[in-house]
>>> print(open('my_file-v2.cif').read())   # mmCIF, C-alpha atoms
data_entry
#
loop_
_atom_site.group_PDB
_atom_site.id
_atom_site.type_symbol
_atom_site.label_atom_id
_atom_site.label_comp_id
_atom_site.auth_asym_id
_atom_site.auth_seq_id
_atom_site.Cartn_x
_atom_site.Cartn_y
_atom_site.Cartn_z
ATOM 1 C CA TRP A 1 -19.655 -23.476 75.088
ATOM 2 C CA ALA A 2 -18.760 -27.039 76.105
ATOM 3 C CA SER A 3 -18.854 -26.095 79.783
ATOM 4 C CA ALA A 4 -22.259 -24.412 79.455
ATOM 5 C CA HIS A 5 -23.584 -27.351 77.441
ATOM 6 C CA GLY A 6 -22.388 -29.812 80.080
ATOM 7 C CA ALA A 7 -23.978 -27.767 82.850
ATOM 8 C CA ALA A 8 -27.266 -27.648 80.951
ATOM 9 C CA ARG A 9 -27.256 -31.438 80.481
ATOM 10 C CA CYS A 10 -26.524 -31.892 84.192
ATOM 11 C CA LEU A 11 -29.369 -29.580 85.227
ATOM 12 C CA ALA A 12 -31.773 -31.357 82.911
ATOM 13 C CA SER A 13 -30.932 -34.855 84.155
ATOM 14 C CA VAL A 14 -30.994 -34.502 87.971
ATOM 15 C CA SER A 15 -33.211 -32.858 90.562
ATOM 16 C CA PRO A 16 -32.082 -29.729 92.472
ATOM 17 C CA ASP A 17 -31.760 -31.720 95.725
ATOM 18 C CA THR A 18 -29.556 -34.332 94.046
ATOM 19 C CA LEU A 19 -27.411 -31.678 92.376
ATOM 20 C CA LEU A 20 -26.919 -29.739 95.627
ATOM 21 C CA GLY A 21 -26.220 -32.897 97.608
ATOM 22 C CA GLY A 22 -23.643 -34.024 95.069
ATOM 23 C CA LYS A 23 -21.867 -30.680 95.154
ATOM 24 C CA VAL A 24 -21.795 -30.631 98.963
ATOM 25 C CA LEU A 25 -20.439 -34.188 99.184
ATOM 26 C CA GLY A 26 -17.942 -33.559 96.384
ATOM 27 C CA VAL A 27 -16.498 -30.403 97.925
ATOM 28 C CA GLY A 28 -16.349 -32.073 101.336
ATOM 29 C CA ALA A 29 -14.512 -35.084 99.906
ATOM 30 C CA VAL A 30 -12.011 -32.788 98.196
ATOM 31 C CA GLY A 31 -11.396 -30.918 101.458
ATOM 32 C CA LEU A 32 -10.893 -34.158 103.410
ATOM 33 C CA THR A 33 -8.515 -35.477 100.748
ATOM 34 C CA GLN A 34 -6.551 -32.238 100.937
ATOM 35 C CA GLN A 35 -6.213 -32.595 104.702
ATOM 36 C CA LEU A 36 -4.950 -36.176 104.336
ATOM 37 C CA ILE A 37 -2.408 -35.102 101.708
ATOM 38 C CA TRP A 38 -1.109 -32.379 104.024
ATOM 39 C CA ALA A 39 -0.788 -34.858 106.898
ATOM 40 C CA VAL A 40 1.064 -37.449 104.800
ATOM 41 C CA SER A 41 3.328 -34.756 103.338
ATOM 42 C CA ALA A 42 4.181 -33.437 106.816
ATOM 43 C CA VAL A 43 5.099 -36.915 108.058
ATOM 44 C CA ALA A 44 7.212 -37.578 104.955
ATOM 45 C CA LEU A 45 9.074 -34.271 105.282
ATOM 46 C CA VAL A 46 9.878 -34.951 108.927
ATOM 47 C CA GLN A 47 11.055 -38.485 108.197
ATOM 48 C CA PHE A 48 13.285 -37.483 105.279
ATOM 49 C CA ARG A 49 14.290 -33.995 106.405
ATOM 50 C CA GLY A 50 17.870 -35.136 107.091
ATOM 51 C CA PRO A 51 18.770 -36.172 103.525
ATOM 52 C CA ILE A 52 16.837 -33.239 102.074
ATOM 53 C CA LEU A 53 18.625 -30.644 104.225
ATOM 54 C CA ALA A 54 21.990 -32.382 103.705
ATOM 55 C CA ARG A 55 21.729 -31.834 99.940
ATOM 56 C CA PHE A 56 21.552 -28.095 100.660
ATOM 57 C CA GLY A 57 24.382 -28.228 103.188
ATOM 58 C CA LEU A 58 22.107 -27.497 106.150
ATOM 59 C CA PRO A 59 22.040 -29.299 109.506
ATOM 60 C CA ALA A 60 18.965 -31.361 110.384
ATOM 61 C CA SER A 61 17.459 -29.754 113.470
ATOM 62 C CA PRO A 62 15.339 -31.961 115.751
ATOM 63 C CA MET A 63 11.611 -31.877 115.026
ATOM 64 C CA GLN A 64 8.759 -33.722 116.663
ATOM 65 C CA LEU A 65 5.239 -34.149 115.377
ATOM 66 C CA PRO A 66 2.240 -34.216 117.729
ATOM 67 C CA ASP A 67 1.452 -37.652 119.109
ATOM 68 C CA ILE A 68 -1.828 -38.538 117.366
ATOM 69 C CA ASN A 69 -3.191 -42.075 117.754
ATOM 70 C CA LEU A 70 -5.977 -43.726 115.779
ATOM 71 C CA VAL A 71 -8.783 -42.571 118.088
ATOM 72 C CA THR A 72 -7.551 -38.977 118.027
ATOM 73 C CA GLY A 73 -7.273 -39.120 114.249
ATOM 74 C CA LEU A 74 -10.870 -40.315 113.933
ATOM 75 C CA VAL A 75 -12.043 -37.540 116.265
ATOM 76 C CA LEU A 76 -10.173 -34.983 114.147
ATOM 77 C CA ILE A 77 -11.944 -36.276 111.040
ATOM 78 C CA LEU A 78 -15.244 -36.071 112.931
ATOM 79 C CA PHE A 79 -14.632 -32.410 113.733
ATOM 80 C CA PHE A 80 -13.809 -31.755 110.082
ATOM 81 C CA VAL A 81 -17.128 -33.311 109.023
ATOM 82 C CA LEU A 82 -19.072 -31.419 111.705
ATOM 83 C CA GLY A 83 -17.392 -28.122 110.839
ATOM 84 C CA TYR A 84 -17.982 -28.623 107.147
ATOM 85 C CA THR A 85 -21.648 -29.454 107.773
ATOM 86 C CA PHE A 86 -22.028 -26.371 109.972
ATOM 87 C CA TYR A 87 -20.577 -23.964 107.428
ATOM 88 C CA ALA A 88 -22.288 -25.690 104.498
ATOM 89 C CA SER A 89 -25.649 -25.126 106.192
ATOM 90 C CA LEU A 90 -24.781 -21.460 106.788
ATOM 91 C CA PHE A 91 -23.829 -20.930 103.147
ATOM 92 C CA ALA A 92 -26.964 -22.777 102.051
ATOM 93 C CA ALA A 93 -29.058 -20.455 104.229
ATOM 94 C CA VAL A 94 -27.335 -17.455 102.665
ATOM 95 C CA GLY A 95 -27.959 -18.834 99.188
ATOM 96 C CA SER A 96 -31.655 -19.310 99.907
ATOM 97 C CA MET A 97 -32.048 -15.601 100.697
ATOM 98 C CA VAL A 98 -30.761 -14.183 97.389
ATOM 99 C CA ASN A 99 -31.615 -14.486 93.714
ATOM 100 C CA ASN A 100 -28.278 -14.054 91.914
ATOM 101 C CA GLU A 101 -24.594 -14.829 92.322
ATOM 102 C CA GLN A 102 -23.534 -11.231 93.011
ATOM 103 C CA ASP A 103 -25.931 -10.893 95.949
ATOM 104 C CA ALA A 104 -24.851 -14.325 97.190
ATOM 105 C CA ASN A 105 -21.194 -13.246 97.313
ATOM 106 C CA GLN A 106 -22.099 -10.171 99.337
ATOM 107 C CA ALA A 107 -24.409 -12.077 101.695
ATOM 108 C CA ALA A 108 -21.742 -14.751 102.282
ATOM 109 C CA THR A 109 -19.207 -12.206 103.557
ATOM 110 C CA PRO A 110 -20.278 -12.472 107.256
ATOM 111 C CA VAL A 111 -19.942 -16.265 107.124
ATOM 112 C CA THR A 112 -16.501 -15.973 105.547
ATOM 113 C CA MET A 113 -15.461 -13.519 108.255
ATOM 114 C CA LEU A 114 -16.339 -16.144 110.887
ATOM 115 C CA ILE A 115 -13.794 -18.494 109.299
ATOM 116 C CA VAL A 116 -11.181 -15.733 109.218
ATOM 117 C CA LEU A 117 -11.911 -14.791 112.832
ATOM 118 C CA ALA A 118 -11.386 -18.394 113.933
ATOM 119 C CA ALA A 119 -8.065 -18.521 112.069
ATOM 120 C CA ILE A 120 -6.867 -15.423 113.937
ATOM 121 C CA PHE A 121 -7.002 -17.357 117.223
ATOM 122 C CA ILE A 122 -4.811 -20.225 115.992
ATOM 123 C CA GLN A 123 -1.584 -18.552 117.162
ATOM 124 C CA PRO A 124 -2.834 -17.797 120.723
ATOM 125 C CA VAL A 125 -4.109 -21.375 121.018
ATOM 126 C CA LEU A 126 -0.730 -22.756 119.891
ATOM 127 C CA LEU A 127 1.076 -20.649 122.491
ATOM 128 C CA ASN A 128 -1.241 -21.511 125.392
ATOM 129 C CA PRO A 129 -3.622 -24.392 124.545
ATOM 130 C CA SER A 130 -4.777 -24.794 128.152
ATOM 131 C CA GLY A 131 -5.527 -21.109 128.768
ATOM 132 C CA ARG A 132 -8.986 -19.689 129.337
ATOM 133 C CA LEU A 133 -9.048 -17.927 125.962
ATOM 134 C CA SER A 134 -8.156 -21.168 124.182
ATOM 135 C CA GLN A 135 -10.932 -23.001 126.001
ATOM 136 C CA ILE A 136 -13.574 -20.405 125.164
ATOM 137 C CA VAL A 137 -12.761 -20.068 121.454
ATOM 138 C CA SER A 138 -12.575 -23.865 121.078
ATOM 139 C CA TRP A 139 -16.116 -24.183 122.455
ATOM 140 C CA LEU A 140 -17.754 -21.743 120.037
ATOM 141 C CA PRO A 141 -19.531 -23.453 117.103
ATOM 142 C CA PHE A 142 -17.927 -21.284 114.401
ATOM 143 C CA SER A 143 -14.360 -21.707 115.702
ATOM 144 C CA ALA A 144 -14.447 -25.177 117.301
ATOM 145 C CA PRO A 145 -13.803 -27.072 114.016
ATOM 146 C CA GLU A 146 -10.513 -25.192 113.585
ATOM 147 C CA LEU A 147 -9.300 -24.679 117.147
ATOM 148 C CA MET A 148 -10.374 -27.803 119.039
ATOM 149 C CA PRO A 149 -8.253 -30.068 116.775
ATOM 150 C CA VAL A 150 -5.307 -27.739 117.464
ATOM 151 C CA ARG A 151 -5.770 -28.124 121.226
ATOM 152 C CA MET A 152 -6.276 -31.883 120.910
ATOM 153 C CA SER A 153 -2.944 -32.263 119.107
ATOM 154 C CA LEU A 154 -1.111 -30.372 121.887
ATOM 155 C CA ILE A 155 -2.744 -31.351 125.186
ATOM 156 C CA ALA A 156 -5.096 -34.003 126.525
ATOM 157 C CA ILE A 157 -8.742 -32.947 126.336
ATOM 158 C CA PRO A 158 -11.299 -34.717 128.595
ATOM 159 C CA CYS A 159 -13.509 -37.162 126.724
ATOM 160 C CA TYR A 160 -16.705 -35.628 128.109
ATOM 161 C CA GLU A 161 -15.684 -32.206 126.773
ATOM 162 C CA ILE A 162 -15.042 -33.602 123.296
ATOM 163 C CA ALA A 163 -18.323 -35.548 123.323
ATOM 164 C CA ALA A 164 -20.344 -32.537 124.494
ATOM 165 C CA LEU A 165 -18.758 -30.274 121.905
ATOM 166 C CA ALA A 166 -19.322 -32.816 119.111
ATOM 167 C CA ALA A 167 -22.996 -33.127 120.123
ATOM 168 C CA GLY A 168 -23.333 -29.346 120.187
ATOM 169 C CA MET A 169 -21.701 -29.040 116.767
ATOM 170 C CA GLY A 170 -24.112 -31.647 115.426
ATOM 171 C CA GLU A 171 -27.053 -29.523 116.584
ATOM 172 C CA ALA A 172 -25.558 -26.139 115.605
ATOM 173 C CA ARG A 173 -26.622 -26.287 111.993
ATOM 174 C CA ILE A 174 -29.524 -25.255 109.830
ATOM 175 C CA PRO A 175 -31.495 -28.294 108.600
ATOM 176 C CA PRO A 176 -32.491 -28.227 104.912
ATOM 177 C CA SER A 177 -36.156 -28.585 105.866
ATOM 178 C CA SER A 178 -36.082 -25.087 107.393
ATOM 179 C CA LEU A 179 -34.801 -23.457 104.194
ATOM 180 C CA GLN A 180 -37.712 -22.058 102.240
ATOM 181 C CA PRO A 181 -37.405 -20.694 98.681
ATOM 182 C CA LEU A 182 -38.029 -16.996 98.110
ATOM 183 C CA ILE A 183 -40.550 -17.760 95.380
ATOM 184 C CA GLY A 184 -43.146 -20.454 95.933
ATOM 185 C CA PRO A 185 -46.687 -21.286 94.892
ATOM 186 C CA GLY A 186 -48.953 -18.251 95.177
ATOM 187 C CA TYR A 187 -46.084 -15.758 95.261
ATOM 188 C CA ARG A 188 -46.818 -12.293 93.878
ATOM 189 C CA PRO A 189 -44.203 -9.539 93.533
ATOM 190 C CA THR A 190 -44.553 -6.297 95.469
ATOM 191 C CA GLU A 191 -41.676 -4.168 94.176
ATOM 192 C CA ARG A 192 -42.331 -2.034 91.091
ATOM 193 C CA ASP A 193 -39.446 -3.357 88.968
ATOM 194 C CA GLU A 194 -40.196 -7.009 89.658
ATOM 195 C CA LEU A 195 -43.913 -6.416 89.168
ATOM 196 C CA GLY A 196 -43.196 -4.889 85.760
ATOM 197 C CA LEU A 197 -41.153 -7.925 84.719
ATOM 198 C CA TRP A 198 -43.934 -10.259 85.809
ATOM 199 C CA GLN A 199 -46.512 -8.285 83.838
ATOM 200 C CA GLN A 200 -44.263 -8.351 80.784
ATOM 201 C CA MET A 201 -43.802 -12.126 81.015
ATOM 202 C CA GLU A 202 -47.553 -12.621 81.508
ATOM 203 C CA ARG A 203 -48.173 -10.783 78.216
ATOM 204 C CA VAL A 204 -45.578 -13.013 76.522
ATOM 205 C CA GLU A 205 -47.307 -16.115 77.908
ATOM 206 C CA GLU A 206 -50.656 -14.894 76.586
ATOM 207 C CA GLU A 207 -49.147 -14.341 73.132
ATOM 208 C CA VAL A 208 -47.566 -17.775 73.130
ATOM 209 C CA ALA A 209 -50.778 -19.449 74.311
ATOM 210 C CA GLY A 210 -52.718 -17.949 71.391
ATOM 211 C CA SER A 211 -50.037 -18.472 68.766
ATOM 212 C CA ASN A 212 -50.621 -20.732 65.735
ATOM 213 C CA LEU A 213 -47.028 -21.920 66.079
ATOM 214 C CA LEU A 214 -47.658 -23.528 69.489
ATOM 215 C CA MET A 215 -46.957 -27.274 69.399
ATOM 216 C CA LYS A 216 -49.717 -29.114 71.262
ATOM 217 C CA GLU A 217 -48.005 -32.471 71.602
ATOM 218 C CA PRO A 218 -48.894 -34.203 74.920
ATOM 219 C CA ALA A 219 -45.651 -36.186 75.113
ATOM 220 C CA LEU A 220 -43.561 -33.065 74.494
ATOM 221 C CA ASN A 221 -45.550 -31.085 77.069
ATOM 222 C CA ARG A 222 -45.070 -33.799 79.693
ATOM 223 C CA TYR A 223 -41.340 -33.869 78.989
ATOM 224 C CA LEU A 224 -40.997 -30.081 79.279
ATOM 225 C CA GLN A 225 -43.087 -29.974 82.464
ATOM 226 C CA GLY A 226 -40.887 -32.649 84.015
ATOM 227 C CA LEU A 227 -37.748 -30.813 82.924
ATOM 228 C CA ILE A 228 -38.961 -27.529 84.426
ATOM 229 C CA GLY A 229 -39.857 -29.350 87.636
ATOM 230 C CA LYS A 230 -36.350 -30.796 87.912
ATOM 231 C CA VAL A 231 -34.620 -27.494 87.269
ATOM 232 C CA GLY A 232 -36.936 -25.224 89.226
ATOM 233 C CA GLY A 233 -37.967 -27.545 92.034
ATOM 234 C CA PRO A 234 -41.347 -27.424 93.771
ATOM 235 C CA ALA A 235 -41.695 -23.660 93.192
ATOM 236 C CA ALA A 236 -41.783 -24.207 89.432
#
>>> encode(input="my_file-v2.cif", output="structure tokens")
Amino acid sequence: WASAHGAARCLASVSPDTLLGGKVLGVGAVGLTQQLIWAVSAVALVQFRGPILARFGLPASPMQLPDINLVTGLVLILFFVLGYTFYASLFAAVGSMVNNEQDANQAATPVTMLIVLAAIFIQPVLLNPSGRLSQIVSWLPFSAPELMPVRMSLIAIPCYEIAALAAGMGEARIPPSSLQPLIGPGYRPTERDELGLWQQMERVEEEVAGSNLLMKEPALNRYLQGLIGKVGGPAA
């Protein structure tokens, strides 16, 4: 109950654009923090692997991390942001095409498979980062955020190639202005089931409008209209 109550208060206090933007930025910040934790943990394990392995009676085998300078690190973060923006726009487009969570999960399957497909090529890229296959898969928008950083940590990539790919990744997204809601002003249902629900709700609205229990308080009506506008957006 507390979770549902908190969600209701959140929906009633912010606009849909603000709520969606906050969720996108929050999830992206969590993902970036997770990447930084992994990087720091890897460096710490390599630095202290000798004492750790010695406590288990194991020899410390030589291990070398990729040589990543500050510029390369910033470019890797840039590719993370571009990749996250690309996939966030794809999931947002999928969400704009459905009306419930179950349909959204089914519609998001092709986008999820793109992420899985890119992960399949990680091993071939590690084995031969300069090969033709590695070059091709690191240029594709859906796999570049995962595979180009792998190649960059293993071999030297020309600056013009990185710049061109970053520019292409910046354009390979779906802007929010192109996402249109399924239901907007003037919408009328065409399917029989949905049409029946609309007719039923229209009868309920007529009963409420003629009821003696209807509270005709201007301040309350303005508050409820503003609340519906925040929750439902322009279509409401």
>>> atom_distance(input="my_file-v2.cif", atom1="CA of Ala164 (chain A)", atom2="CA of Asp67 (chain A)")
23.0 Å
>>> residues_around(input="my_file-v2.cif", residues="Val46 (chain A)", least_positions_apart="4", cutoff="9 Å", atoms="only C-alpha atoms", output="ChimeraX atom specification")
/A:41-42,50,63-65
>>> closest_residue(input="my_file-v2.cif", among="A:Ala92, A:Met152, A:Met97, A:Leu126", to="Asn69 (chain A)", atoms="all atoms listed in the file")
A:Met152
>>> resolve_selection(input="my_file-v2.cif", expression="the PyMOL selection byres ((chain A and resi 131-148) around 10)", output="count of residues only")
46
>>> atom_distance(input="my_file-v2.cif", atom1="CA of Ile68 (chain A)", atom2="CA of Val40 (chain A)")
12.9 Å
>>> atom_distance(input="my_file-v2.cif", atom1="CA of Thr18 (chain A)", atom2="CA of Ser96 (chain A)")
16.3 Å
>>> closest_residue(input="my_file-v2.cif", among="A:Val98, A:Cys159, A:Leu36, A:Val43", to="Pro66 (chain A)", atoms="all atoms listed in the file")
A:Val43
>>> resolve_selection(input="my_file-v2.cif", expression="the PyMOL selection byres ((chain A and resi 24) around 12)", output="list in words")
Asp17, Thr18, Leu19, Leu20, Gly21, Gly22, Lys23, Leu25, Gly26, Val27, Gly28, Ala29, Val30, Gly31, Val81, Tyr84, Thr85, Phe86, Tyr87, Ala88, Ser89, Phe91 and Ala92 of chain A
>>> write_last_selection(input="my_file-v2.cif", atoms="C-alpha atoms", output="PDB file, in the frame of the given file")
ATOM      1  CA  ASP A  17     -31.760 -31.720  95.725  1.00  0.00           C
ATOM      2  CA  THR A  18     -29.556 -34.332  94.046  1.00  0.00           C
ATOM      3  CA  LEU A  19     -27.411 -31.678  92.376  1.00  0.00           C
ATOM      4  CA  LEU A  20     -26.919 -29.739  95.627  1.00  0.00           C
ATOM      5  CA  GLY A  21     -26.220 -32.897  97.608  1.00  0.00           C
ATOM      6  CA  GLY A  22     -23.643 -34.024  95.069  1.00  0.00           C
ATOM      7  CA  LYS A  23     -21.867 -30.680  95.154  1.00  0.00           C
ATOM      8  CA  LEU A  25     -20.439 -34.188  99.184  1.00  0.00           C
ATOM      9  CA  GLY A  26     -17.942 -33.559  96.384  1.00  0.00           C
ATOM     10  CA  VAL A  27     -16.498 -30.403  97.925  1.00  0.00           C
ATOM     11  CA  GLY A  28     -16.349 -32.073 101.336  1.00  0.00           C
ATOM     12  CA  ALA A  29     -14.512 -35.084  99.906  1.00  0.00           C
ATOM     13  CA  VAL A  30     -12.011 -32.788  98.196  1.00  0.00           C
ATOM     14  CA  GLY A  31     -11.396 -30.918 101.458  1.00  0.00           C
ATOM     15  CA  VAL A  81     -17.128 -33.311 109.023  1.00  0.00           C
ATOM     16  CA  TYR A  84     -17.982 -28.623 107.147  1.00  0.00           C
ATOM     17  CA  THR A  85     -21.648 -29.454 107.773  1.00  0.00           C
ATOM     18  CA  PHE A  86     -22.028 -26.371 109.972  1.00  0.00           C
ATOM     19  CA  TYR A  87     -20.577 -23.964 107.428  1.00  0.00           C
ATOM     20  CA  ALA A  88     -22.288 -25.690 104.498  1.00  0.00           C
ATOM     21  CA  SER A  89     -25.649 -25.126 106.192  1.00  0.00           C
ATOM     22  CA  PHE A  91     -23.829 -20.930 103.147  1.00  0.00           C
ATOM     23  CA  ALA A  92     -26.964 -22.777 102.051  1.00  0.00           C
TER      24      ALA A  92
END
>>> residues_around(input="my_file-v2.cif", residues="region 56-61 of chain A", least_positions_apart="4", cutoff="12 Å", atoms="all atoms listed in the file", output="ChimeraX atom specification")
/A:45-52
>>> write_last_selection(input="my_file-v2.cif", atoms="C-alpha atoms", output="short mmCIF file (atom, residue, chain, number, x, y, z; two decimals), keeping the file's coordinate frame")
data_model
loop_
_atom_site.label_atom_id
_atom_site.label_comp_id
_atom_site.auth_asym_id
_atom_site.auth_seq_id
_atom_site.Cartn_x
_atom_site.Cartn_y
_atom_site.Cartn_z
CA LEU A 45 9.07 -34.27 105.28
CA VAL A 46 9.88 -34.95 108.93
CA GLN A 47 11.06 -38.48 108.20
CA PHE A 48 13.28 -37.48 105.28
CA ARG A 49 14.29 -33.99 106.40
CA GLY A 50 17.87 -35.14 107.09
CA PRO A 51 18.77 -36.17 103.52
CA ILE A 52 16.84 -33.24 102.07
#
>>> build_atoms(input="my_file-v2.cif", residues="region 89-110 of chain A", atoms="N, CA and C atoms", output="compact mmCIF listing (two decimals), in the frame of the given file")
# COMPACT_ATOMS: atom_id res chain seq x y z
N SER A 89 -24.27 -25.54 105.91
CA SER A 89 -25.65 -25.13 106.19
C SER A 89 -25.77 -23.61 106.23
N LEU A 90 -24.74 -22.93 106.76
CA LEU A 90 -24.78 -21.46 106.79
C LEU A 90 -24.76 -20.89 105.37
N PHE A 91 -23.88 -21.42 104.52
CA PHE A 91 -23.83 -20.93 103.15
C PHE A 91 -25.10 -21.28 102.39
N ALA A 92 -25.69 -22.43 102.69
CA ALA A 92 -26.96 -22.78 102.05
C ALA A 92 -28.07 -21.82 102.47
N ALA A 93 -28.06 -21.43 103.76
CA ALA A 93 -29.06 -20.45 104.23
C ALA A 93 -28.86 -19.11 103.55
N VAL A 94 -27.61 -18.71 103.36
CA VAL A 94 -27.34 -17.45 102.66
C VAL A 94 -27.81 -17.55 101.23
N GLY A 95 -27.54 -18.68 100.58
CA GLY A 95 -27.96 -18.83 99.19
C GLY A 95 -29.46 -18.83 99.00
N SER A 96 -30.20 -19.29 100.02
CA SER A 96 -31.66 -19.31 99.91
C SER A 96 -32.29 -17.93 100.05
N MET A 97 -31.49 -16.94 100.47
CA MET A 97 -32.05 -15.60 100.70
C MET A 97 -31.83 -14.66 99.52
N VAL A 98 -31.09 -15.07 98.50
CA VAL A 98 -30.76 -14.18 97.39
C VAL A 98 -31.17 -14.84 96.08
N ASN A 99 -31.15 -14.02 95.02
CA ASN A 99 -31.62 -14.49 93.71
C ASN A 99 -30.52 -14.57 92.67
N ASN A 100 -29.34 -14.02 92.92
CA ASN A 100 -28.28 -14.05 91.91
C ASN A 100 -26.93 -14.23 92.61
N GLU A 101 -25.92 -14.52 91.79
CA GLU A 101 -24.59 -14.83 92.32
C GLU A 101 -23.94 -13.62 92.98
N GLN A 102 -24.15 -12.43 92.43
CA GLN A 102 -23.53 -11.23 93.01
C GLN A 102 -24.05 -10.98 94.42
N ASP A 103 -25.37 -11.07 94.60
CA ASP A 103 -25.93 -10.89 95.95
C ASP A 103 -25.47 -12.00 96.89
N ALA A 104 -25.30 -13.21 96.35
CA ALA A 104 -24.85 -14.32 97.19
C ALA A 104 -23.44 -14.08 97.71
N ASN A 105 -22.56 -13.54 96.87
CA ASN A 105 -21.19 -13.25 97.31
C ASN A 105 -21.18 -12.20 98.42
N GLN A 106 -22.03 -11.20 98.30
CA GLN A 106 -22.10 -10.17 99.34
C GLN A 106 -22.70 -10.73 100.63
N ALA A 107 -23.76 -11.53 100.50
CA ALA A 107 -24.41 -12.08 101.70
C ALA A 107 -23.53 -13.10 102.41
N ALA A 108 -22.61 -13.74 101.67
CA ALA A 108 -21.74 -14.75 102.28
C ALA A 108 -20.55 -14.15 103.02
N THR A 109 -20.36 -12.84 102.90
CA THR A 109 -19.21 -12.21 103.56
C THR A 109 -19.20 -12.41 105.07
N PRO A 110 -20.32 -12.23 105.79
CA PRO A 110 -20.28 -12.47 107.26
C PRO A 110 -19.88 -13.89 107.62
